[in-house]
Structures are given as C-alpha cells and as structure tokens.
Amino acid sequence: MTDTSEATPTPVGRRTVLIATGATAAAVAVGAAAPGAPTADAADATPVAAAAVCTLTKEMTEGPYYLDGALVRSDIRENKTGFVLKLALTVVNDDTCAVIPNALVEIWHADALGEYSGYVGNNGHNESDNGTFLRGGVLTDAGGVADITTVYPGWYRGRCVHIHVKVHTGVTLTSDGSFTGGTEVHTGQLFFDETVTARVGALSPYSANKVTRTTLAQDSIYDDGGAASGLLTLTALGSSPSSGYTGTLTLGVEV
C-alpha cells in the first residue's frame with residue numbers, strides 16, 4: 001500500500017542539525033565560523049563532537065507506521081532475517097555541538113520484504129506480526145552515541161529504503177522494558193546510498209521483495225541533501241553485502 005501520508009514533508013517544527021566532519025569541517029574552518037559553533041569556553045566546559053561544524057537541516061515526517069511503547073533495547077532484530085546493520089547515531093546540542101548523554105534514540109523500519117511490525121500485510125506479504133520486530137531504541141552513552149543493531153531495511157511501494165528515528169530527552173525507563181515521559185526533540189528519517197541498496201536488493205532475502213523499488217532520486221521525502229538530509233555513512237563489514245554494514249550519522253537537536 002502506498003505510504004500516502006508521507007507524500008509531503010511536514011513543516012519544520014524544530015531546528016535540527018548534522019555535524020560536518022573530516023574534509024568538510026576543514027573546508028568550512030578556512031572561512032568564517034559557522035553560526036552556532038561552540039566558543040572556546042563552551043568547548044572546554046562540555047564534550048563536543050570532533051571537528052564539529054553545525055549545519056541546519058529540516059525534520060521529516062513521522063509517517064503512518066509509528067507505534068507507542070517501543071522497547072528499550074540495543075538489538076531490535078528479533079527473528080528477522082537480513083544483513084546486519086550496526087547503527088552508531090550521535091546526538092548533540094545544535095547550539096553548542098555538545099554531546100547529549102541519556103537521550104533516547106528510537107528507530108523503526110520495514111523488514112526485508114517491506115513489512116512493518118503492527119502493520120504486516122500492507123506490502124503484500126503474509127508474515128507473523130508481534131508488533132515489536134524492528135522497533136526500539138537505546139539511551140545515548142556519555143559520548144552522546146546510541147548503538148543499535150538491526151538489519152538493512154527493505155522497501156515498500158512508493159518509498160525508498162529508509163529508517164524512521166525519534167530523539168527523546170528526559171525519559172523514564174519502565175519496568176516492562178519501555179519508556180515514558182520526556183520531550184520529543186527530533187523526528188526524522190535515515191537514508192541509504194543507492195549503490196549499496198542496489199547490491200543488497202539483488203541478494204536473498206531482499207530479492208524476494210517483488211515490489212518495484214523507489215530510488216533516492218524518485219523519493220518524495222528525501223531531498224538530495226546528503227548527510228544534511230539524513231544520508232547515513234555506510235561502511236561494509238566484509239567483502240559481500242551479506243556481511244552487513246555499519247551506519248553512522250550525527251544528529252543535532254534543539255533542547
């Protein structure tokens with residue numbers, strides 16, 4: 001079923017940033033200081049993402065497949081097959097670039113056949129549906145990093161491959177393994193390099209998904225802004241796509 005509610009991005013409700021590092025940061029440093037970059041005093045007082053230069057980017061729509069009550073856990077795969085994806089998402093303050101510990105980073109996405117837990121069948125497949133697979137999140141560590149293990153997502157009709165993400169601050173962990181309260185400070189999406197996705201999609205179990213795949217260039221949400229629009233940096237864990245990937249991105253939020 002076409003994800004029609006994602007056809008038009010929601011207006012920017014809060015400012016969010018990504019952090020330029022390496023060559024990008026070096027190039028920017030030659031010119032004027034970026035707005036919102038931390039002062040020397042701020043850098044001395046609070047841990048700051050390495051070579052951080054703050055770059056504003058927009059939030060993106062939540063979409064129709066969100067469920068409350070996600071489990072707090074570092075591995076959200078359950079029994080889902082697919083190529084391992086190890087995410088390392090760093091959360092920082094957009095004004096100072098200081099890292100934010102104890103922020104709850106929550107993700108959810110489709111399985112290899114394009115089905116979301118809680119909504120199985122919307123992409124034409126008959127699977128067991130417990131309402132929790134490929135959903136969950138963790139608190140960021142002292143360095144502001146959320147490490148989450150999942151599988152490379154599949155695709156469904158009308159959307160490119162993506163992961164949904166929310167960042168919450170001030171949450172309380174609950175006895176049932178979930179969380180409550182706090183403030184939602186970011187809603188966005190994470191995207192994947194088209195060349196990598198094409199290689200993954202040619203292999204089982206992804207090749208069993210016969211729905212026509214929407215590319216990044218065709219997608220109604222991704223705006224070709226690279227990391228500033230949520231494009232992950234992917235690193236292969238081996239010589240074959242089946243070995244899996246790491247995916248990294250630094251998200252900044254207004255707190």
# chains A, B, ... in the order shown; residues from 1 in each chain; ligands from 1

$ closest_atom_pairs --of "stretch 46-124 of chain A" --to "stretch 180-187 of chain A" --cutoff "9 Å" --atoms "only C-alpha atoms" --output "tab-separated table"
residue	atom	partner	partner_atom	distance
A:Glu59	CA	A:Thr187	CA	5.9
A:Met60	CA	A:Thr187	CA	6.2
A:Thr61	CA	A:Thr187	CA	7.0
A:Glu62	CA	A:Thr187	CA	6.3
A:Gly69	CA	A:Thr180	CA	8.0

$ write_last_selection --atoms "N, CA and C atoms" --output "short mmCIF file (atom, residue, chain, number, x, y, z; two decimals), in the first residue's frame"
data_model
loop_
_atom_site.label_atom_id
_atom_site.label_comp_id
_atom_site.auth_asym_id
_atom_site.auth_seq_id
_atom_site.Cartn_x
_atom_site.Cartn_y
_atom_site.Cartn_z
N GLU A 59 13.51 18.68 9.86
CA GLU A 59 12.93 17.44 10.31
C GLU A 59 12.11 16.83 9.17
N MET A 60 11.75 15.54 9.36
CA MET A 60 10.96 14.86 8.34
C MET A 60 9.78 14.15 8.98
N THR A 61 8.78 13.85 8.17
CA THR A 61 7.52 13.33 8.66
C THR A 61 7.66 12.01 9.40
N GLU A 62 6.82 11.83 10.42
CA GLU A 62 6.80 10.60 11.20
C GLU A 62 6.30 9.43 10.37
N GLY A 69 5.21 2.87 22.81
CA GLY A 69 5.60 1.76 23.67
C GLY A 69 6.76 0.94 23.17
#

$ select_by_dssp --residues "stretch 138-227 of chain A" --states "strand (DSSP E)" --output "ChimeraX atom specification"
/A:138-139,145-151,162-169,172-173,179-180,183-191

$ closest_residue --among "A:Gly137, A:Thr149, A:Trp155, A:Val167" --to "A:Tyr116" --atoms "only C-alpha atoms"
A:Trp155

$ atom_distance --atom1 "atom CA of A:Tyr206" --atom2 "atom CA of A:Asp224"
24.3 Å

$ select_by_dssp --residues "stretch 102-208 of chain A" --states "helix (DSSP H, G or I)" --output "count of residues only"
11
